[in-house]
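Next up, structure.csv (CSV, C-alpha atoms):
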chain,number,residue,atom,x,y,z
T,1,MET,CA,-11.6,130.8,-226.0
T,2,ALA,CA,-9.8,130.1,-222.7
T,3,GLY,CA,-11.1,126.5,-223.0
T,4,THR,CA,-9.7,126.4,-226.6
T,5,ALA,CA,-6.4,127.7,-225.3
T,6,ARG,CA,-6.1,124.9,-222.7
T,7,THR,CA,-7.0,122.3,-225.3
T,8,LEU,CA,-4.2,123.5,-227.7
T,9,LEU,CA,-1.5,122.5,-225.2
T,10,GLY,CA,0.2,119.4,-226.6
T,11,TRP,CA,-1.0,120.0,-230.1
T,12,GLU,CA,1.7,120.3,-232.8
T,13,ILE,CA,2.3,123.2,-235.2
T,14,SER,CA,4.4,122.5,-238.3
T,15,ALA,CA,5.9,124.8,-240.9
T,16,GLY,CA,9.1,125.1,-242.9
T,17,GLY,CA,10.4,121.6,-242.0
T,18,VAL,CA,9.9,122.1,-238.2
T,19,ARG,CA,7.3,120.6,-235.9
T,20,ILE,CA,6.7,122.0,-232.4
T,21,ARG,CA,4.6,120.6,-229.6
T,22,LEU,CA,2.8,123.5,-227.9
T,23,THR,CA,3.6,123.9,-224.2
T,24,GLU,CA,2.4,127.5,-223.5
T,25,VAL,CA,-0.4,129.6,-224.9
T,26,GLU,CA,-2.4,132.8,-224.1
T,27,ALA,CA,-6.1,133.4,-224.8
T,28,TYR,CA,-7.5,136.8,-226.1
T,29,ALA,CA,-11.1,137.6,-226.4
T,30,GLY,CA,-12.7,140.1,-228.8
T,31,THR,CA,-14.7,143.3,-229.0
T,32,GLY,CA,-15.4,145.0,-225.7
T,33,GLU,CA,-14.5,141.9,-223.7
T,34,ASP,CA,-10.7,142.0,-223.4
T,35,PRO,CA,-8.8,145.3,-223.4
T,36,ALA,CA,-5.5,143.4,-224.0
T,37,SER,CA,-6.9,142.0,-227.3
T,38,HIS,CA,-6.0,143.6,-230.6
T,39,ALA,CA,-9.7,143.2,-231.5
T,40,HIS,CA,-11.0,145.0,-228.4
T,41,ARG,CA,-12.2,148.0,-230.4
T,42,GLY,CA,-13.5,146.1,-233.4
T,43,PRO,CA,-12.2,145.1,-236.7
T,44,THR,CA,-9.4,146.9,-238.5
T,45,PRO,CA,-7.5,146.0,-241.6
T,46,ARG,CA,-4.8,144.4,-239.3
T,47,THR,CA,-7.2,142.5,-237.0
T,48,ARG,CA,-10.0,141.5,-239.4
T,49,VAL,CA,-8.6,137.9,-239.5
T,50,MET,CA,-9.3,137.6,-235.8
T,51,PHE,CA,-13.1,137.8,-236.5
T,52,GLY,CA,-13.1,134.4,-238.2
T,53,PRO,CA,-13.3,131.9,-239.5
T,54,ALA,CA,-11.7,129.8,-236.8
T,55,GLY,CA,-8.6,127.7,-237.7
T,56,HIS,CA,-6.7,130.5,-239.4
T,57,ALA,CA,-3.4,132.2,-238.5
T,58,TYR,CA,-3.2,135.7,-237.2
T,59,THR,CA,0.3,137.0,-237.4
T,60,TYR,CA,1.5,140.5,-236.3
T,61,PHE,CA,4.7,142.4,-235.9
T,62,VAL,CA,5.4,143.5,-232.4
T,63,PHE,CA,7.7,146.4,-231.3
T,64,GLY,CA,8.9,146.6,-234.9
T,65,VAL,CA,11.2,143.6,-234.2
T,66,HIS,CA,9.4,140.3,-233.9
T,67,TRP,CA,6.5,138.3,-235.5
T,68,CYS,CA,4.0,136.6,-233.3
T,69,LEU,CA,1.5,133.8,-234.2
T,70,ASN,CA,-2.1,133.3,-233.0
T,71,ILE,CA,-4.7,130.7,-233.9
T,72,VAL,CA,-8.1,132.3,-234.5
T,73,CYS,CA,-10.7,130.3,-232.5
T,74,GLY,CA,-14.0,132.3,-232.4
T,75,GLY,CA,-17.0,131.8,-234.5
T,76,ASP,CA,-17.5,134.0,-237.6
T,77,GLY,CA,-17.8,137.6,-236.5
T,78,GLU,CA,-16.6,136.8,-233.0
T,79,ALA,CA,-13.0,137.8,-232.4
T,80,ALA,CA,-11.0,135.4,-230.4
T,81,ALA,CA,-7.5,134.0,-230.8
T,82,VAL,CA,-4.8,132.1,-228.9
T,83,LEU,CA,-1.2,133.3,-229.0
T,84,LEU,CA,1.3,130.5,-229.3
T,85,ARG,CA,3.8,131.4,-226.6
T,86,ALA,CA,6.2,128.4,-226.5
T,87,GLY,CA,6.9,124.8,-227.4
T,88,GLU,CA,9.2,121.9,-227.8
T,89,VAL,CA,10.8,121.3,-231.2
T,90,VAL,CA,10.0,117.6,-231.8
T,91,ASP,CA,11.1,117.4,-235.5
T,92,GLY,CA,13.4,119.5,-237.6
T,93,SER,CA,15.6,120.7,-234.8
T,94,ASP,CA,18.5,121.1,-237.2
T,95,ILE,CA,16.5,123.6,-239.3
T,96,ALA,CA,15.2,125.4,-236.2
T,97,ARG,CA,18.8,125.7,-234.9
T,98,LYS,CA,19.9,127.2,-238.2
T,99,ARG,CA,17.2,129.8,-237.8
T,100,ARG,CA,17.7,130.4,-234.1
T,101,GLY,CA,21.5,129.9,-233.7
T,102,GLU,CA,23.4,128.0,-231.1
T,103,VAL,CA,20.9,128.0,-228.2
T,104,ALA,CA,19.9,125.3,-225.8
T,105,ASP,CA,17.2,122.9,-227.1
T,106,ARG,CA,14.7,124.2,-224.6
T,107,ASP,CA,15.2,127.7,-225.9
T,108,LEU,CA,14.6,126.9,-229.6
T,109,ALA,CA,10.9,127.9,-229.4
T,110,ARG,CA,10.7,129.3,-225.9
T,111,GLY,CA,8.8,132.5,-226.2
T,112,PRO,CA,6.4,133.7,-229.0
T,113,ALA,CA,9.0,135.3,-231.2
T,114,ARG,CA,11.4,132.5,-230.9
T,115,LEU,CA,8.6,130.0,-231.8
T,116,VAL,CA,7.9,132.0,-235.0
T,117,VAL,CA,11.5,132.2,-236.0
T,118,ALA,CA,12.0,128.4,-235.4
T,119,LEU,CA,9.0,127.7,-237.7
T,120,GLY,CA,10.2,130.2,-240.3
T,121,VAL,CA,6.8,132.0,-240.3
T,122,THR,CA,6.3,135.5,-241.7
T,123,ALA,CA,3.5,137.9,-242.6
T,124,GLU,CA,2.5,135.6,-245.5
T,125,ALA,CA,1.0,133.2,-243.1
T,126,ASN,CA,-1.6,135.7,-241.9
T,127,GLY,CA,-5.1,134.7,-242.7
T,128,THR,CA,-4.2,131.2,-244.0
T,129,SER,CA,-5.7,128.0,-242.7
T,130,VAL,CA,-3.8,126.0,-240.1
T,131,ILE,CA,-6.1,123.0,-240.3
T,132,ASP,CA,-6.5,122.0,-243.9
T,133,GLY,CA,-2.9,122.0,-245.2
T,134,SER,CA,-3.5,124.8,-247.7
T,135,GLY,CA,-1.3,127.3,-245.9
T,136,PRO,CA,2.3,127.3,-244.7
T,137,LEU,CA,1.2,126.1,-241.2
T,138,LEU,CA,-0.4,122.8,-240.1
T,139,LEU,CA,-1.9,122.3,-236.6
T,140,THR,CA,-2.4,118.6,-235.6
T,141,PRO,CA,-3.8,117.0,-232.5
T,142,PRO,CA,-1.5,115.3,-230.0
T,143,GLU,CA,-1.2,111.5,-229.8
T,144,ARG,CA,-1.7,111.9,-226.0
T,145,PRO,CA,-3.7,115.0,-224.9
T,146,VAL,CA,-2.4,117.0,-222.0
T,147,THR,CA,-4.6,116.3,-219.0
T,148,PRO,CA,-6.2,119.1,-216.9
T,149,SER,CA,-3.9,118.1,-214.0
T,150,GLU,CA,-0.9,118.8,-216.1
T,151,ILE,CA,-2.0,122.4,-216.9
T,152,SER,CA,-1.2,125.5,-215.0
T,153,ALA,CA,-2.8,128.9,-215.5
T,154,GLY,CA,-1.8,132.5,-214.6
T,155,PRO,CA,-1.7,136.1,-215.8
T,156,ARG,CA,-0.7,136.9,-219.4
T,157,VAL,CA,2.8,138.2,-220.2
T,158,GLY,CA,3.6,141.7,-221.2
T,159,VAL,CA,0.1,143.2,-221.6
T,160,ALA,CA,-0.7,146.6,-220.1
T,161,ALA,CA,-4.5,146.1,-219.8
T,162,ALA,CA,-6.2,143.1,-218.2
T,163,HIS,CA,-2.8,141.9,-217.0
T,164,ASP,CA,-4.2,139.9,-214.1
T,165,VAL,CA,-6.6,137.9,-216.2
T,166,PRO,CA,-5.4,134.2,-215.8
T,167,TRP,CA,-5.6,133.3,-219.5
T,168,ARG,CA,-2.0,132.1,-219.9
T,169,PHE,CA,-1.8,128.3,-219.8
T,170,TRP,CA,1.2,126.1,-219.8
T,171,VAL,CA,2.3,122.5,-219.3
T,172,THR,CA,3.3,122.4,-215.6
T,173,GLY,CA,7.1,121.9,-215.2
T,174,ASP,CA,7.9,121.8,-218.9
T,175,PRO,CA,11.4,123.4,-219.4
T,176,THR,CA,10.3,125.1,-222.7
T,177,VAL,CA,7.7,127.3,-221.0
T,178,SER,CA,8.8,131.0,-221.0
T,179,SER,CA,9.4,133.0,-217.8
T,180,TYR,CA,6.6,135.2,-216.5
T,181,ARG,CA,7.3,138.9,-216.8
T,182,ARG,CA,4.6,141.3,-215.9
T,183,HIS,CA,4.2,144.3,-218.2
T,184,VAL,CA,6.0,147.4,-216.8
T,185,PRO,CA,4.9,150.7,-218.5
T,186,ARG,CA,7.7,152.7,-220.0
T,187,ARG,CA,8.3,156.1,-218.4
T,188,ARG,CA,8.8,159.0,-220.7
T,189,ASN,CA,11.6,161.4,-220.0
T,190,SER,CA,10.3,164.9,-219.6
Would you encode the structure as structure tokens?
Amino acid sequence: MAGTARTLLGWEISAGGVRIRLTEVEAYAGTGEDPASHAHRGPTPRTRVMFGPAGHAYTYFVFGVHWCLNIVCGGDGEAAAVLLRAGEVVDGSDIARKRRGEVADRDLARGPARLVVALGVTAEANGTSVIDGSGPLLLTPPERPVTPSEISAGPRVGVAAAHDVPWRFWVTGDPTVSSYRRHVPRRRNS
């Protein structure tokens, strides 16, 4: 799935009149392999979509505030997904700006929640195909693939477990890539 994540850089995701070129993604493995993955302990009603088939959207609500969007990429029964972390709005910037407000162009889809807001994606996208046009999202290959020399890798953002696994991939030097922030556990007041 790390290979799939790298390959998705430069691909375009479209929904709600907005098209975004992917510039940053994170890979997540499945059962027993990756403690940072929602599917680490096996399927649940929430994570069942991560177990296939590939080419479907996995959306989830994080911190009770934001939606995030993943592309399922494992074989049937094998949980794996790629979180779409950031991208460049290449079409529909006026629509994205209405959804995101007055922010710099580079910030329209910079970060996983901002990307989802720019696309207008909600829970209804969960489990729908992103490859055949039957769902609200459509994933299309780039005209010019991102070459391996243009890709950087490093630790994933904001995960408590397996935080040093270098499964975050981004287009080197692209201004739409989000800033790295290591997860800092919250301290409870006693």
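Residue nearest Phe51 of chain T, chosen from T:Leu119, T:Leu69, T:Gly127, T:Ala15 and counting only C-alpha atoms: T:Gly127.
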### Test item: residues at most 10 Å from segment 142-152 of chain T, all atoms listed in the file, excluding those fewer than 5 positions along its chain, as a VMD selection string
chain T and resid 6 to 12 21 to 24 166 168 to 174
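Between Gly120 of chain T and the residues T:Arg46, T:Arg41, T:Arg85, T:Arg19, the shortest atom-to-atom distance, using only C-alpha atoms, involves T:Arg19.
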### Task
Point out the residue among T:Ile13, T:Ala57, T:Ala109, T:Val18 with the least atom-to-atom distance to Ile95 of chain T, counting only C-alpha atoms.
T:Val18
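Using only C-alpha atoms, the shortest contact distance between Gly75 of chain T and any of T:Val121, T:Ser178, T:Pro53, T:Val165 is found at T:Pro53.
If you measure from each of T:Pro175, T:Gly77, T:Gly16, T:Gly3 to Ala125 of chain T using only C-alpha atoms, the closest one turns out to be T:Gly16.
Each of T:Gly135, T:Pro43, T:Gly32, T:Gly101 was compared to Ala118 of chain T using only C-alpha atoms, and T:Gly101 turns out to be the nearest.
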Atom completion result for segment 65-76 of chain T (all heavy atoms) as a tab-separated table (two decimals), in the frame of the given file:
chain	number	residue	atom	x	y	z
T	65	VAL	N	10.05	144.52	-234.29
T	65	VAL	CA	11.20	143.60	-234.20
T	65	VAL	C	10.79	142.15	-234.50
T	65	VAL	O	11.48	141.43	-235.21
T	65	VAL	CB	11.88	143.69	-232.86
T	65	VAL	CG1	13.06	142.75	-232.78
T	65	VAL	CG2	12.32	145.11	-232.57
T	66	HIS	N	9.69	141.68	-233.87
T	66	HIS	CA	9.40	140.30	-233.90
T	66	HIS	C	7.97	139.98	-234.44
T	66	HIS	O	7.05	140.76	-234.24
T	66	HIS	CB	9.34	139.72	-232.42
T	66	HIS	CG	10.59	139.95	-231.67
T	66	HIS	ND1	11.76	139.30	-231.97
T	66	HIS	CD2	10.86	140.75	-230.62
T	66	HIS	CE1	12.70	139.70	-231.14
T	66	HIS	NE2	12.18	140.58	-230.31
T	67	TRP	N	7.83	138.81	-235.07
T	67	TRP	CA	6.50	138.30	-235.50
T	67	TRP	C	5.97	137.44	-234.36
T	67	TRP	O	6.72	136.74	-233.68
T	67	TRP	CB	6.63	137.48	-236.76
T	67	TRP	CG	6.88	138.30	-237.96
T	67	TRP	CD1	8.07	138.49	-238.60
T	67	TRP	CD2	5.92	139.11	-238.64
T	67	TRP	NE1	7.91	139.35	-239.65
T	67	TRP	CE2	6.60	139.74	-239.70
T	67	TRP	CE3	4.55	139.35	-238.47
T	67	TRP	CZ2	5.95	140.60	-240.58
T	67	TRP	CZ3	3.91	140.21	-239.35
T	67	TRP	CH2	4.61	140.81	-240.39
T	68	CYS	N	4.66	137.47	-234.19
T	68	CYS	CA	4.00	136.60	-233.30
T	68	CYS	C	2.87	135.86	-234.04
T	68	CYS	O	2.37	136.37	-235.05
T	68	CYS	CB	3.37	137.35	-232.09
T	68	CYS	SG	4.61	137.98	-230.94
T	69	LEU	N	2.46	134.69	-233.55
T	69	LEU	CA	1.50	133.80	-234.20
T	69	LEU	C	0.37	133.46	-233.29
T	69	LEU	O	0.62	133.00	-232.18
T	69	LEU	CB	2.22	132.57	-234.72
T	69	LEU	CG	1.38	131.43	-235.27
T	69	LEU	CD1	0.61	131.86	-236.52
T	69	LEU	CD2	2.28	130.22	-235.57
T	70	ASN	N	-0.85	133.67	-233.76
T	70	ASN	CA	-2.10	133.30	-233.00
T	70	ASN	C	-2.88	132.35	-233.90
T	70	ASN	O	-2.82	132.42	-235.13
T	70	ASN	CB	-2.94	134.52	-232.77
T	70	ASN	CG	-2.29	135.51	-231.84
T	70	ASN	OD1	-2.65	135.61	-230.68
T	70	ASN	ND2	-1.34	136.28	-232.34
T	71	ILE	N	-3.71	131.55	-233.25
T	71	ILE	CA	-4.70	130.70	-233.90
T	71	ILE	C	-6.06	131.32	-233.64
T	71	ILE	O	-6.43	131.48	-232.47
T	71	ILE	CB	-4.66	129.25	-233.46
T	71	ILE	CG1	-3.26	128.66	-233.60
T	71	ILE	CG2	-5.71	128.43	-234.20
T	71	ILE	CD1	-2.70	128.60	-234.98
T	72	VAL	N	-6.80	131.69	-234.68
T	72	VAL	CA	-8.10	132.30	-234.50
T	72	VAL	C	-9.07	131.13	-234.06
T	72	VAL	O	-9.04	130.03	-234.60
T	72	VAL	CB	-8.64	132.87	-235.85
T	72	VAL	CG1	-10.08	133.36	-235.72
T	72	VAL	CG2	-7.71	134.00	-236.28
T	73	CYS	N	-9.89	131.42	-233.03
T	73	CYS	CA	-10.70	130.30	-232.50
T	73	CYS	C	-12.15	130.73	-232.19
T	73	CYS	O	-12.90	129.93	-231.65
T	73	CYS	CB	-10.06	129.80	-231.19
T	73	CYS	SG	-9.87	131.01	-229.88
T	74	GLY	N	-12.59	131.92	-232.56
T	74	GLY	CA	-14.00	132.30	-232.40
T	74	GLY	C	-14.83	131.95	-233.56
T	74	GLY	O	-14.32	131.61	-234.63
T	75	GLY	N	-16.14	132.04	-233.37
T	75	GLY	CA	-17.00	131.80	-234.50
T	75	GLY	C	-16.97	133.00	-235.45
T	75	GLY	O	-16.41	134.05	-235.12
T	76	ASP	N	-17.54	132.85	-236.64
T	76	ASP	CA	-17.50	134.00	-237.60
T	76	ASP	C	-18.12	135.21	-236.99
T	76	ASP	O	-19.20	135.17	-236.39
T	76	ASP	CB	-18.32	133.57	-238.87
T	76	ASP	CG	-17.54	132.62	-239.77
T	76	ASP	OD1	-16.32	132.48	-239.57
T	76	ASP	OD2	-18.16	132.01	-240.66
